[in-house]
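A.B. asks: What follows is the file structure_12.pdb, containing PDB, C-alpha atoms, pLDDT in the B column:
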ATOM      1  CA  MET A   1       0.000   0.000   0.000  1.00 98.00           C
ATOM      2  CA  ARG A   2       1.037   3.557  -0.632  1.00 98.00           C
ATOM      3  CA  ALA A   3       0.201   6.609   1.410  1.00 98.00           C
ATOM      4  CA  LEU A   4       0.921  10.290   1.322  1.00 98.00           C
ATOM      5  CA  ILE A   5       0.518  11.796   4.763  1.00 98.00           C
ATOM      6  CA  GLN A   6       0.275  15.466   5.574  1.00 98.00           C
ATOM      7  CA  ARG A   7       0.408  16.881   9.069  1.00 98.00           C
ATOM      8  CA  VAL A   8      -2.530  19.283   9.299  1.00 98.00           C
ATOM      9  CA  THR A   9      -4.140  21.734  11.661  1.00 98.00           C
ATOM     10  CA  ARG A  10      -7.418  20.760   9.967  1.00 98.00           C
ATOM     11  CA  ALA A  11      -8.665  18.964   6.886  1.00 98.00           C
ATOM     12  CA  SER A  12     -12.008  18.108   5.338  1.00 98.00           C
ATOM     13  CA  VAL A  13     -13.426  16.261   2.360  1.00 98.00           C
ATOM     14  CA  GLU A  14     -16.600  17.140   0.469  1.00 98.00           C
ATOM     15  CA  VAL A  15     -18.746  15.184  -1.978  1.00 98.00           C
ATOM     16  CA  ASP A  16     -21.349  17.132  -3.934  1.00 97.00           C
ATOM     17  CA  GLY A  17     -20.710  20.211  -1.761  1.00 96.00           C
ATOM     18  CA  GLU A  18     -21.355  18.359   1.516  1.00 98.00           C
ATOM     19  CA  VAL A  19     -18.633  17.740   4.112  1.00 98.00           C
ATOM     20  CA  ILE A  20     -18.513  13.974   4.673  1.00 98.00           C
ATOM     21  CA  GLY A  21     -15.319  13.760   6.735  1.00 98.00           C
ATOM     22  CA  GLN A  22     -13.029  16.063   8.661  1.00 98.00           C
ATOM     23  CA  THR A  23     -10.329  16.240  11.290  1.00 98.00           C
ATOM     24  CA  GLY A  24      -8.743  18.853  13.457  1.00 98.00           C
ATOM     25  CA  ALA A  25      -5.043  18.656  14.296  1.00 98.00           C
ATOM     26  CA  GLY A  26      -3.610  15.391  13.021  1.00 98.00           C
ATOM     27  CA  LEU A  27      -3.087  13.817   9.628  1.00 98.00           C
ATOM     28  CA  LEU A  28      -4.635  13.841   6.205  1.00 98.00           C
ATOM     29  CA  ILE A  29      -3.835  10.402   4.823  1.00 98.00           C
ATOM     30  CA  LEU A  30      -4.187   9.776   1.094  1.00 98.00           C
ATOM     31  CA  VAL A  31      -4.016   6.005   0.620  1.00 98.00           C
ATOM     32  CA  CYS A  32      -3.852   3.621  -2.353  1.00 98.00           C
ATOM     33  CA  ALA A  33      -4.006  -0.169  -2.375  1.00 98.00           C
ATOM     34  CA  MET A  34      -1.685  -1.727  -4.936  1.00 98.00           C
ATOM     35  CA  GLN A  35      -2.013  -5.032  -6.789  1.00 98.00           C
ATOM     36  CA  GLY A  36      -0.877  -7.848  -4.527  1.00 98.00           C
ATOM     37  CA  ASP A  37      -1.565  -5.964  -1.296  1.00 98.00           C
ATOM     38  CA  GLU A  38      -3.118  -7.952   1.520  1.00 98.00           C
ATOM     39  CA  ASP A  39      -4.619  -7.187   4.927  1.00 98.00           C
ATOM     40  CA  ALA A  40      -1.109  -7.343   6.414  1.00 98.00           C
ATOM     41  CA  ASN A  41      -0.045  -4.397   4.238  1.00 98.00           C
ATOM     42  CA  ALA A  42      -2.919  -2.256   5.539  1.00 98.00           C
ATOM     43  CA  GLU A  43      -2.157  -3.289   9.115  1.00 98.00           C
ATOM     44  CA  LYS A  44       1.557  -2.532   8.789  1.00 98.00           C
ATOM     45  CA  LEU A  45       0.883   0.854   7.168  1.00 98.00           C
ATOM     46  CA  ALA A  46      -1.606   1.843   9.875  1.00 98.00           C
ATOM     47  CA  ALA A  47       0.824   0.830  12.631  1.00 98.00           C
ATOM     48  CA  LYS A  48       3.685   2.745  10.985  1.00 98.00           C
ATOM     49  CA  ILE A  49       1.651   5.915  10.503  1.00 98.00           C
ATOM     50  CA  SER A  50       0.240   5.848  14.039  1.00 98.00           C
ATOM     51  CA  LYS A  51       3.769   5.635  15.513  1.00 98.00           C
ATOM     52  CA  LEU A  52       5.635   7.936  13.104  1.00 98.00           C
ATOM     53  CA  ARG A  53       7.206  10.678  15.214  1.00 98.00           C
ATOM     54  CA  ILE A  54       6.323  13.793  13.198  1.00 98.00           C
ATOM     55  CA  PHE A  55       4.522  15.943  15.785  1.00 98.00           C
ATOM     56  CA  LYS A  56       6.305  18.541  17.887  1.00 96.00           C
ATOM     57  CA  ASP A  57       7.182  17.862  21.512  1.00 96.00           C
ATOM     58  CA  GLU A  58       7.497  20.501  24.233  1.00 95.00           C
ATOM     59  CA  ALA A  59      10.928  21.505  22.840  1.00 96.00           C
ATOM     60  CA  GLY A  60       9.515  21.989  19.331  1.00 94.00           C
ATOM     61  CA  LYS A  61      11.219  18.890  17.907  1.00 96.00           C
ATOM     62  CA  MET A  62       9.377  16.297  15.816  1.00 97.00           C
ATOM     63  CA  ASN A  63       9.368  13.619  18.481  1.00 97.00           C
ATOM     64  CA  ARG A  64       5.713  12.697  19.079  1.00 98.00           C
ATOM     65  CA  SER A  65       3.487  10.256  17.224  1.00 98.00           C
ATOM     66  CA  LEU A  66      -0.097  10.752  16.128  1.00 98.00           C
ATOM     67  CA  ILE A  67      -1.162   8.713  19.136  1.00 97.00           C
ATOM     68  CA  ASP A  68       1.085  10.732  21.494  1.00 97.00           C
ATOM     69  CA  ALA A  69      -0.335  13.986  20.097  1.00 97.00           C
ATOM     70  CA  GLN A  70      -3.895  12.635  20.393  1.00 97.00           C
ATOM     71  CA  GLY A  71      -4.495  13.711  16.804  1.00 98.00           C
ATOM     72  CA  GLY A  72      -7.155  12.574  14.399  1.00 98.00           C
ATOM     73  CA  ALA A  73      -6.925  11.265  10.860  1.00 98.00           C
ATOM     74  CA  LEU A  74      -8.862  11.979   7.713  1.00 98.00           C
ATOM     75  CA  VAL A  75      -8.361   8.987   5.408  1.00 98.00           C
ATOM     76  CA  VAL A  76      -9.055   9.548   1.709  1.00 98.00           C
ATOM     77  CA  SER A  77      -8.752   6.956  -1.065  1.00 98.00           C
ATOM     78  CA  GLN A  78      -6.344   8.123  -3.767  1.00 96.00           C
ATOM     79  CA  PHE A  79      -5.789   5.596  -6.562  1.00 96.00           C
ATOM     80  CA  THR A  80      -3.631   8.125  -8.440  1.00 97.00           C
ATOM     81  CA  LEU A  81      -0.815   7.349  -5.976  1.00 98.00           C
ATOM     82  CA  ALA A  82      -0.329   4.282  -8.206  1.00 97.00           C
ATOM     83  CA  ALA A  83       0.590   6.524 -11.153  1.00 97.00           C
ATOM     84  CA  ASP A  84       3.352   5.198 -13.390  1.00 95.00           C
ATOM     85  CA  THR A  85       4.922   8.144 -15.206  1.00 95.00           C
ATOM     86  CA  ARG A  86       8.069   6.445 -16.526  1.00 94.00           C
ATOM     87  CA  SER A  87       7.010   6.642 -20.154  1.00 92.00           C
ATOM     88  CA  GLY A  88       4.901   9.057 -22.110  1.00 93.00           C
ATOM     89  CA  ASN A  89       2.920  11.929 -20.715  1.00 95.00           C
ATOM     90  CA  ARG A  90      -0.192  10.110 -19.561  1.00 95.00           C
ATOM     91  CA  PRO A  91       0.131   8.327 -16.204  1.00 96.00           C
ATOM     92  CA  GLY A  92      -0.794   4.655 -16.061  1.00 95.00           C
ATOM     93  CA  PHE A  93      -2.668   3.220 -13.108  1.00 96.00           C
ATOM     94  CA  SER A  94      -2.517  -0.512 -13.887  1.00 95.00           C
ATOM     95  CA  THR A  95      -0.581  -1.268 -10.679  1.00 97.00           C
ATOM     96  CA  ALA A  96      -3.453  -0.091  -8.459  1.00 97.00           C
ATOM     97  CA  ALA A  97      -5.583  -2.794  -6.878  1.00 98.00           C
ATOM     98  CA  ALA A  98      -8.867  -3.628  -8.599  1.00 97.00           C
ATOM     99  CA  PRO A  99     -11.705  -1.396  -7.319  1.00 97.00           C
ATOM    100  CA  ASP A 100     -13.412  -3.998  -5.092  1.00 97.00           C
ATOM    101  CA  GLU A 101     -10.120  -5.028  -3.486  1.00 98.00           C
ATOM    102  CA  GLY A 102      -8.991  -1.408  -3.221  1.00 98.00           C
ATOM    103  CA  ARG A 103     -12.205  -0.499  -1.400  1.00 98.00           C
ATOM    104  CA  ARG A 104     -11.842  -3.445   0.977  1.00 98.00           C
ATOM    105  CA  LEU A 105      -8.224  -2.615   1.831  1.00 98.00           C
ATOM    106  CA  TYR A 106      -8.993   1.101   2.191  1.00 98.00           C
ATOM    107  CA  THR A 107     -11.764   0.284   4.669  1.00 98.00           C
ATOM    108  CA  HIS A 108      -9.523  -2.202   6.489  1.00 98.00           C
ATOM    109  CA  PHE A 109      -6.738   0.399   6.759  1.00 98.00           C
ATOM    110  CA  ALA A 110      -9.112   2.984   8.267  1.00 98.00           C
ATOM    111  CA  GLN A 111     -10.421   0.378  10.735  1.00 98.00           C
ATOM    112  CA  CYS A 112      -6.851  -0.557  11.727  1.00 98.00           C
ATOM    113  CA  LEU A 113      -6.132   3.080  12.606  1.00 98.00           C
ATOM    114  CA  THR A 114      -9.348   3.217  14.630  1.00 98.00           C
ATOM    115  CA  ASP A 115      -8.367   0.012  16.435  1.00 98.00           C
ATOM    116  CA  LEU A 116      -5.031   1.639  17.327  1.00 98.00           C
ATOM    117  CA  GLY A 117      -6.918   4.450  19.083  1.00 97.00           C
ATOM    118  CA  VAL A 118      -6.839   7.103  16.367  1.00 98.00           C
ATOM    119  CA  PRO A 119     -10.091   9.015  15.748  1.00 98.00           C
ATOM    120  CA  VAL A 120     -10.737   8.441  12.024  1.00 98.00           C
ATOM    121  CA  GLU A 121     -13.055   9.984   9.485  1.00 98.00           C
ATOM    122  CA  THR A 122     -13.017   9.034   5.813  1.00 98.00           C
ATOM    123  CA  GLY A 123     -13.786  10.187   2.340  1.00 98.00           C
ATOM    124  CA  GLN A 124     -15.992   8.202  -0.054  1.00 97.00           C
ATOM    125  CA  PHE A 125     -14.192   5.543  -2.062  1.00 97.00           C
ATOM    126  CA  GLY A 126     -14.407   6.162  -5.800  1.00 94.00           C
ATOM    127  CA  ALA A 127     -16.218   9.495  -5.471  1.00 96.00           C
ATOM    128  CA  ASP A 128     -15.196  12.817  -6.965  1.00 96.00           C
ATOM    129  CA  MET A 129     -14.020  14.500  -3.770  1.00 98.00           C
ATOM    130  CA  ALA A 130     -12.874  18.010  -2.892  1.00 98.00           C
ATOM    131  CA  VAL A 131     -10.211  17.879  -0.186  1.00 98.00           C
ATOM    132  CA  SER A 132      -9.259  20.962   1.831  1.00 98.00           C
ATOM    133  CA  LEU A 133      -6.415  21.181   4.303  1.00 98.00           C
ATOM    134  CA  ILE A 134      -4.171  23.466   6.244  1.00 98.00           C
ATOM    135  CA  ASN A 135      -0.772  21.773   6.070  1.00 97.00           C
ATOM    136  CA  ASP A 136       1.121  22.174   9.350  1.00 97.00           C
ATOM    137  CA  GLY A 137       4.843  22.745   8.920  1.00 95.00           C
ATOM    138  CA  PRO A 138       4.461  21.855   6.110  1.00 96.00           C
ATOM    139  CA  VAL A 139       5.093  18.192   6.780  1.00 98.00           C
ATOM    140  CA  THR A 140       4.348  15.806   3.895  1.00 98.00           C
ATOM    141  CA  ILE A 141       5.696  12.239   3.819  1.00 98.00           C
ATOM    142  CA  SER A 142       5.337   9.435   1.286  1.00 98.00           C
ATOM    143  CA  LEU A 143       5.184   5.844   2.600  1.00 98.00           C
ATOM    144  CA  GLU A 144       4.959   2.432   0.992  1.00 97.00           C
ATOM    145  CA  VAL A 145       4.684  -0.999   2.624  1.00 96.00           C
TER     146      VAL A 145
END
Just give me the structure as structure tokens.

C.D. replies:
Amino acid sequence: MRALIQRVTRASVEVDGEVIGQTGAGLLILVCAMQGDEDANAEKLAAKISKLRIFKDEAGKMNRSLIDAQGGALVVSQFTLAADTRSGNRPGFSTAAAPDEGRRLYTHFAQCLTDLGVPVETGQFGADMAVSLINDGPVTISLEV
């Protein structure tokens, strides 16, 4: 699985002009299931993200995890993270998981974060979404497991 995480002061996602998910201070997590991914990939990614020390401690150093900071997460499906741009000018997405499997793994990933104690809200898989965020730092990190 691939994820792009952004530390935020707030983030929200809208579908058809209606806010369907939001978070305050925490992470916006754009996530993509890849072909061959299994439940273990979603579980490993959720554990890694929940423990990644990218939040400031009392001294202002990035030394606290999402769990330590008691932050929330807005999890949004983003199949374009599978983009292959090595040839031509049009990205290919053939390495992304099939839609049904992608949806299942996306849902499993969000549930894994919840099970780890992170308050989670989500976007709508496969929908045309408008995502808004205030990037904190900015801190943006790409992960793959």

A.B. asks: Give me the residues of stretch 53-93 of chain A that have any atom at most 8 Å from an atom of stretch 11-33 of chain A; for each, the nearest atom pair and the distance in Å, rounded to one decimal. Use all atoms listed in the file, sort by chain and number, and format it as CSV.

C.D. replies:
residue,atom,partner,partner_atom,distance
A:Leu66,CA,A:Gly26,CA,6.6
A:Ala69,CA,A:Gly26,CA,7.9
A:Gln70,CA,A:Gly26,CA,7.9
A:Gly71,CA,A:Gly26,CA,4.2
A:Gly72,CA,A:Gly26,CA,4.7
A:Ala73,CA,A:Leu27,CA,4.8
A:Leu74,CA,A:Leu28,CA,4.9
A:Val75,CA,A:Ile29,CA,4.8
A:Val76,CA,A:Leu30,CA,4.9
A:Ser77,CA,A:Val31,CA,5.1
A:Gln78,CA,A:Cys32,CA,5.3
A:Phe79,CA,A:Cys32,CA,5.0
A:Thr80,CA,A:Cys32,CA,7.6
A:Leu81,CA,A:Cys32,CA,6.0
A:Ala82,CA,A:Cys32,CA,6.9

A.B. asks: If you measure from atom CA of A:Gly36 to atom CA of A:Leu113, what distance in Å do you get, rounded to one decimal?

C.D. replies: 21.0 Å

A.B. asks: Please define a box with edges along x, y and z of the file around all atoms of stretch 41-44 of chain A given in the file, extend it by 3 Å on each side, and return its centre and edge lengths in Å to one decimal, as AutoDock Vina command-line options.

C.D. replies:
--center_x -0.7 --center_y -3.3 --center_z 6.7 --size_x 10.5 --size_y 8.1 --size_z 10.9

A.B. asks: Which residues would end up in the selection if the PyMOL selection byres ((chain A and resi 39) around 12) were applied here, given that I need the answer as a list in words?

C.D. replies: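 With the PyMOL selection byres ((chain A and resi 39) around 12) on this model, the match is Met1, Ala33, Met34, Gly36, Asp37, Glu38, Ala40, Asn41, Ala42, Glu43, Lys44, Leu45, Ala46, Glu101, Gly102, Arg103, Arg104, Leu105, Tyr106, Thr107, His108, Phe109, Ala110, Gln111, Cys112 and Val145 of chain A.
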
A.B. asks: Enter the distance from atom CA of A:Gln6 to atom CA of A:Pro119, in Å, rounded to one decimal.

C.D. replies: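 Those two atoms sit 15.9 Å apart.
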
A.B. asks: Mind pulling up the distance from atom CA of A:Glu58 to atom CA of A:Leu116?

C.D. replies: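 These atoms are spaced 23.7 Å apart.
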
A.B. asks: Using only C-alpha atoms, pick whichever of A:Thr85, A:Lys56, A:Pro99, A:Leu143 has the shortest atom-to-atom distance to A:Ala127.

C.D. replies: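 Ranked by minimum distance to A:Ala127, first place goes to A:Pro99.
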